[in-house]
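Student: Submitted below is the structure of interest, expressed as structure tokens.
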Amino acid sequence: MAAMKSERALVEQWHDVRALHARTTSELDRELHPYGLGASDFEVLDVLAEGSPQDGGCSYRVQELASRVHLSQSALSRLVARLEKDGLVTRGMCSEDRRGVRVALTEQGRARHAEVRPLQRAVLSRVLADGARSATSSTIS
């Protein structure tokens with residue numbers, strides 16, 4: 001009986017995590033839409049923006065980006081193609097492996113990231129704080 005109760009609690013916790021992720025992604029998509037971005041688009045820009053402008057910015061192989069933003073390589077390739085079409089990133093051949101493709105921010109991409117970063121962080125603060133309160137209250141019940 002205790003094992004079933006523990007398993008049920010574990011499954012409920014998993015559902016709560018998934019629901020929080022869905023709410024957060026939905027809210028980010030809604031808030032970023034006026035800027036021509038979705039949550040996944042911003043995540044790619046955010047990872048690429050981690051490089052410093054002094055050293056030419058940061059570029060990643062598509063496989064590296066896929067593991068950092070948790071998208072399949074094919075979904076990421078489509079997303080990167082859209083960001084490239086919008087002038088936010090560039091794609092180029094890897095110097096170390098001619099079969100690979102590297103992705104880097106353009107100046108326009110860096111500017112768009114800087115413009116929407118405070119909005120994205122505010123959404124995360126608000127939604128995740130609400131999620132933490134909900135998790136605390138459901139634990140208390």
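Identifiers in this document derive from the order of the structure tokens: chains are assigned A, B, ..., residues are numbered from 1 separately in each chain, and ligands are numbered from 1 in order of occurrence.
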If we count only C-alpha atoms and set the cut-off at 12 Å, which residues sit around Ser74 of chain A, ignoring sequence neighbours fewer than 5 positions away in its own chain? Please answer as a list in words.

Tutor: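 The residues that qualify are Val62, Gln63, Leu65, Ala66, Leu79, Val80 and Ala81 of chain A.
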
Student: Please produce an output containing N, CA, C and O atoms for each residue in the selection, written as an mmCIF file, in the first residue's frame.

Tutor:
data_model
loop_
_atom_site.group_PDB
_atom_site.id
_atom_site.type_symbol
_atom_site.label_atom_id
_atom_site.label_comp_id
_atom_site.auth_asym_id
_atom_site.auth_seq_id
_atom_site.Cartn_x
_atom_site.Cartn_y
_atom_site.Cartn_z
ATOM 1 N N VAL A 62 25.681 22.184 -34.718
ATOM 2 C CA VAL A 62 24.253 21.909 -34.570
ATOM 3 C C VAL A 62 24.026 20.818 -33.517
ATOM 4 O O VAL A 62 23.122 20.937 -32.679
ATOM 5 N N GLN A 63 24.871 19.791 -33.501
ATOM 6 C CA GLN A 63 24.714 18.714 -32.511
ATOM 7 C C GLN A 63 24.882 19.252 -31.092
ATOM 8 O O GLN A 63 24.166 18.840 -30.174
ATOM 9 N N LEU A 65 24.310 22.370 -30.083
ATOM 10 C CA LEU A 65 23.115 23.166 -29.785
ATOM 11 C C LEU A 65 21.935 22.269 -29.435
ATOM 12 O O LEU A 65 21.200 22.555 -28.490
ATOM 13 N N ALA A 66 21.761 21.191 -30.183
ATOM 14 C CA ALA A 66 20.631 20.284 -29.957
ATOM 15 C C ALA A 66 20.647 19.750 -28.528
ATOM 16 O O ALA A 66 19.605 19.669 -27.871
ATOM 17 N N LEU A 79 14.626 25.104 -37.171
ATOM 18 C CA LEU A 79 14.602 26.335 -36.380
ATOM 19 C C LEU A 79 15.762 27.251 -36.790
ATOM 20 O O LEU A 79 15.574 28.451 -36.998
ATOM 21 N N VAL A 80 16.951 26.681 -36.927
ATOM 22 C CA VAL A 80 18.126 27.475 -37.313
ATOM 23 C C VAL A 80 17.938 28.049 -38.719
ATOM 24 O O VAL A 80 18.295 29.208 -38.968
ATOM 25 N N ALA A 81 17.356 27.273 -39.620
ATOM 26 C CA ALA A 81 17.099 27.785 -40.981
ATOM 27 C C ALA A 81 16.168 28.992 -40.928
ATOM 28 O O ALA A 81 16.380 29.991 -41.632
#

Student: Under the rule of at most 7 Å, produce a per-residue listing of segment 53-93 of chain A near segment 103-124 of chain A: chain, number, name, the closest pair of atoms, and the distance in Å, as CSV, using only C-alpha atoms.

Tutor:
residue,atom,partner,partner_atom,distance
A:Cys58,CA,A:Ala104,CA,6.2
A:Ser59,CA,A:Ala104,CA,4.4
A:Tyr60,CA,A:Val103,CA,5.4
A:Arg61,CA,A:Val103,CA,6.2
A:Val62,CA,A:Val103,CA,6.8
A:Gly87,CA,A:Gln108,CA,6.7
A:Leu88,CA,A:Gly109,CA,3.8
A:Val89,CA,A:Leu105,CA,4.4
A:Thr90,CA,A:Ala104,CA,5.4
A:Arg91,CA,A:Val103,CA,4.6
A:Gly92,CA,A:Val103,CA,6.6

Student: Please produce a file of those selected residues containing all heavy atoms, as a short mmCIF file (atom, residue, chain, number, x, y, z; two decimals), in the first residue's frame.

Tutor:
data_model
loop_
_atom_site.label_atom_id
_atom_site.label_comp_id
_atom_site.auth_asym_id
_atom_site.auth_seq_id
_atom_site.Cartn_x
_atom_site.Cartn_y
_atom_site.Cartn_z
N CYS A 58 30.14 33.46 -29.98
CA CYS A 58 30.22 32.03 -29.75
C CYS A 58 29.48 31.30 -30.87
O CYS A 58 28.42 31.73 -31.29
CB CYS A 58 29.57 31.72 -28.40
SG CYS A 58 29.94 30.10 -27.79
N SER A 59 30.07 30.25 -31.36
CA SER A 59 29.38 29.42 -32.34
C SER A 59 29.37 27.99 -31.82
O SER A 59 30.24 27.58 -31.06
CB SER A 59 30.06 29.51 -33.71
OG SER A 59 31.31 28.86 -33.70
N TYR A 60 28.35 27.28 -32.22
CA TYR A 60 28.19 25.90 -31.80
C TYR A 60 27.88 25.04 -33.02
O TYR A 60 27.23 25.50 -33.96
CB TYR A 60 27.02 25.75 -30.83
CG TYR A 60 27.30 26.24 -29.44
CD1 TYR A 60 27.03 27.55 -29.08
CD2 TYR A 60 27.83 25.39 -28.48
CE1 TYR A 60 27.27 28.01 -27.80
CE2 TYR A 60 28.08 25.84 -27.19
CZ TYR A 60 27.79 27.14 -26.87
OH TYR A 60 28.04 27.59 -25.60
N ARG A 61 28.31 23.80 -32.96
CA ARG A 61 27.88 22.83 -33.95
C ARG A 61 26.41 22.55 -33.68
O ARG A 61 25.94 22.65 -32.55
CB ARG A 61 28.69 21.55 -33.83
CG ARG A 61 30.14 21.74 -34.24
CD ARG A 61 30.91 20.47 -34.02
NE ARG A 61 30.30 19.41 -34.82
CZ ARG A 61 30.96 18.60 -35.60
NH1 ARG A 61 32.27 18.70 -35.68
NH2 ARG A 61 30.35 17.67 -36.30
N VAL A 62 25.68 22.18 -34.72
CA VAL A 62 24.25 21.91 -34.57
C VAL A 62 24.03 20.82 -33.52
O VAL A 62 23.12 20.94 -32.68
CB VAL A 62 23.62 21.52 -35.93
CG1 VAL A 62 22.19 21.05 -35.75
CG2 VAL A 62 23.66 22.72 -36.88
N GLY A 87 17.75 36.60 -40.44
CA GLY A 87 18.98 37.38 -40.26
C GLY A 87 19.54 37.37 -38.84
O GLY A 87 20.38 38.20 -38.50
N LEU A 88 19.09 36.42 -38.00
CA LEU A 88 19.51 36.40 -36.60
C LEU A 88 20.72 35.51 -36.35
O LEU A 88 21.44 35.70 -35.37
CB LEU A 88 18.35 35.96 -35.71
CG LEU A 88 17.09 36.84 -35.81
CD1 LEU A 88 15.97 36.27 -34.95
CD2 LEU A 88 17.39 38.27 -35.45
N VAL A 89 20.95 34.52 -37.21
CA VAL A 89 22.11 33.63 -37.10
C VAL A 89 22.70 33.39 -38.49
O VAL A 89 22.05 33.65 -39.50
CB VAL A 89 21.76 32.26 -36.44
CG1 VAL A 89 21.16 32.43 -35.06
CG2 VAL A 89 20.85 31.43 -37.33
N THR A 90 23.92 32.90 -38.48
CA THR A 90 24.56 32.44 -39.71
C THR A 90 24.96 30.99 -39.52
O THR A 90 25.22 30.56 -38.40
CB THR A 90 25.81 33.27 -40.08
OG1 THR A 90 26.75 33.17 -39.00
CG2 THR A 90 25.47 34.72 -40.34
N ARG A 91 25.01 30.28 -40.63
CA ARG A 91 25.51 28.90 -40.60
C ARG A 91 26.73 28.83 -41.50
O ARG A 91 26.79 29.48 -42.54
CB ARG A 91 24.46 27.92 -41.16
CG ARG A 91 23.30 27.70 -40.25
CD ARG A 91 22.39 26.63 -40.76
NE ARG A 91 21.60 27.13 -41.90
CZ ARG A 91 20.64 26.45 -42.48
NH1 ARG A 91 20.36 25.23 -42.08
NH2 ARG A 91 19.97 26.96 -43.48
N GLY A 92 27.70 28.03 -41.08
CA GLY A 92 28.91 27.85 -41.87
C GLY A 92 29.51 26.48 -41.61
O GLY A 92 29.17 25.81 -40.63
#

Student: Apply DSSP to the backbone of this structure and, from segment 22-127 of chain A, keep only the residues in strand (DSSP E); write these as number ranges by chain.

Tutor: A: 59-61, 89-93, 101-105

Student: For the atom pair atom CA of Val44 of chain A and atom CA of Ala129 of chain A, what is the interatomic distance in Å to one decimal place?

Tutor: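 Atom-to-atom, atom CA of Val44 of chain A and atom CA of Ala129 of chain A are spaced 23.6 Å apart.
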
Student: Tell me, in Å to one decimal, how far atom CA of Leu76 of chain A is from atom CA of Arg126 of chain A.

Tutor: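 Those two atoms sit 27.2 Å apart.
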
Student: Between A:Arg102, A:Arg23, A:Arg82, A:His33, which residue has the minimum interatomic distance to Asp130 of chain A, considering only C-alpha atoms?

Tutor: A:Arg23

Student: Atom CA of Gln13 of chain A to atom CA of Ser26 of chain A: how many Å, to one decimal?

Tutor: 19.9 Å

Student: To test your reading of the structure, identify every residue in segment 13-63 of chain A that backbone DSSP assigns to alpha helix (DSSP H), and report it as a PDB file with C-alpha atoms, in the first residue's frame.

Tutor:
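The file below, result.pdb, is the result:
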ATOM      1  CA  GLN A  13       5.172  15.078  -9.214  1.00  0.00           C
ATOM      2  CA  TRP A  14       6.137  14.187 -12.797  1.00  0.00           C
ATOM      3  CA  HIS A  15       2.796  15.539 -14.057  1.00  0.00           C
ATOM      4  CA  ASP A  16       3.400  18.757 -12.099  1.00  0.00           C
ATOM      5  CA  VAL A  17       6.834  19.168 -13.714  1.00  0.00           C
ATOM      6  CA  ARG A  18       5.373  18.630 -17.188  1.00  0.00           C
ATOM      7  CA  ALA A  19       2.503  21.041 -16.506  1.00  0.00           C
ATOM      8  CA  LEU A  20       4.915  23.722 -15.271  1.00  0.00           C
ATOM      9  CA  HIS A  21       7.052  23.269 -18.388  1.00  0.00           C
ATOM     10  CA  ALA A  22       3.986  23.543 -20.633  1.00  0.00           C
ATOM     11  CA  ARG A  23       2.742  26.689 -18.840  1.00  0.00           C
ATOM     12  CA  THR A  24       6.193  28.280 -18.995  1.00  0.00           C
ATOM     13  CA  THR A  25       6.680  27.494 -22.678  1.00  0.00           C
ATOM     14  CA  SER A  26       3.191  28.715 -23.533  1.00  0.00           C
ATOM     15  CA  GLU A  27       3.706  31.987 -21.648  1.00  0.00           C
ATOM     16  CA  LEU A  28       7.125  32.514 -23.269  1.00  0.00           C
ATOM     17  CA  ASP A  29       5.692  31.858 -26.731  1.00  0.00           C
ATOM     18  CA  ARG A  30       2.904  34.374 -26.104  1.00  0.00           C
ATOM     19  CA  GLU A  31       5.245  37.082 -24.774  1.00  0.00           C
ATOM     20  CA  LEU A  32       7.964  36.594 -27.410  1.00  0.00           C
ATOM     21  CA  ALA A  39      10.559  29.934 -26.615  1.00  0.00           C
ATOM     22  CA  SER A  40      12.816  27.539 -28.556  1.00  0.00           C
ATOM     23  CA  ASP A  41      14.052  30.339 -30.823  1.00  0.00           C
ATOM     24  CA  PHE A  42      15.046  32.365 -27.788  1.00  0.00           C
ATOM     25  CA  GLU A  43      16.786  29.376 -26.201  1.00  0.00           C
ATOM     26  CA  VAL A  44      19.021  29.046 -29.264  1.00  0.00           C
ATOM     27  CA  LEU A  45      19.803  32.772 -29.249  1.00  0.00           C
ATOM     28  CA  ASP A  46      20.478  32.608 -25.506  1.00  0.00           C
ATOM     29  CA  VAL A  47      22.975  29.750 -25.863  1.00  0.00           C
ATOM     30  CA  LEU A  48      24.731  31.500 -28.743  1.00  0.00           C
ATOM     31  CA  ALA A  49      24.825  34.805 -26.841  1.00  0.00           C
ATOM     32  CA  VAL A  62      24.253  21.909 -34.570  1.00  0.00           C
ATOM     33  CA  GLN A  63      24.714  18.714 -32.511  1.00  0.00           C
TER      34      GLN A  63
END
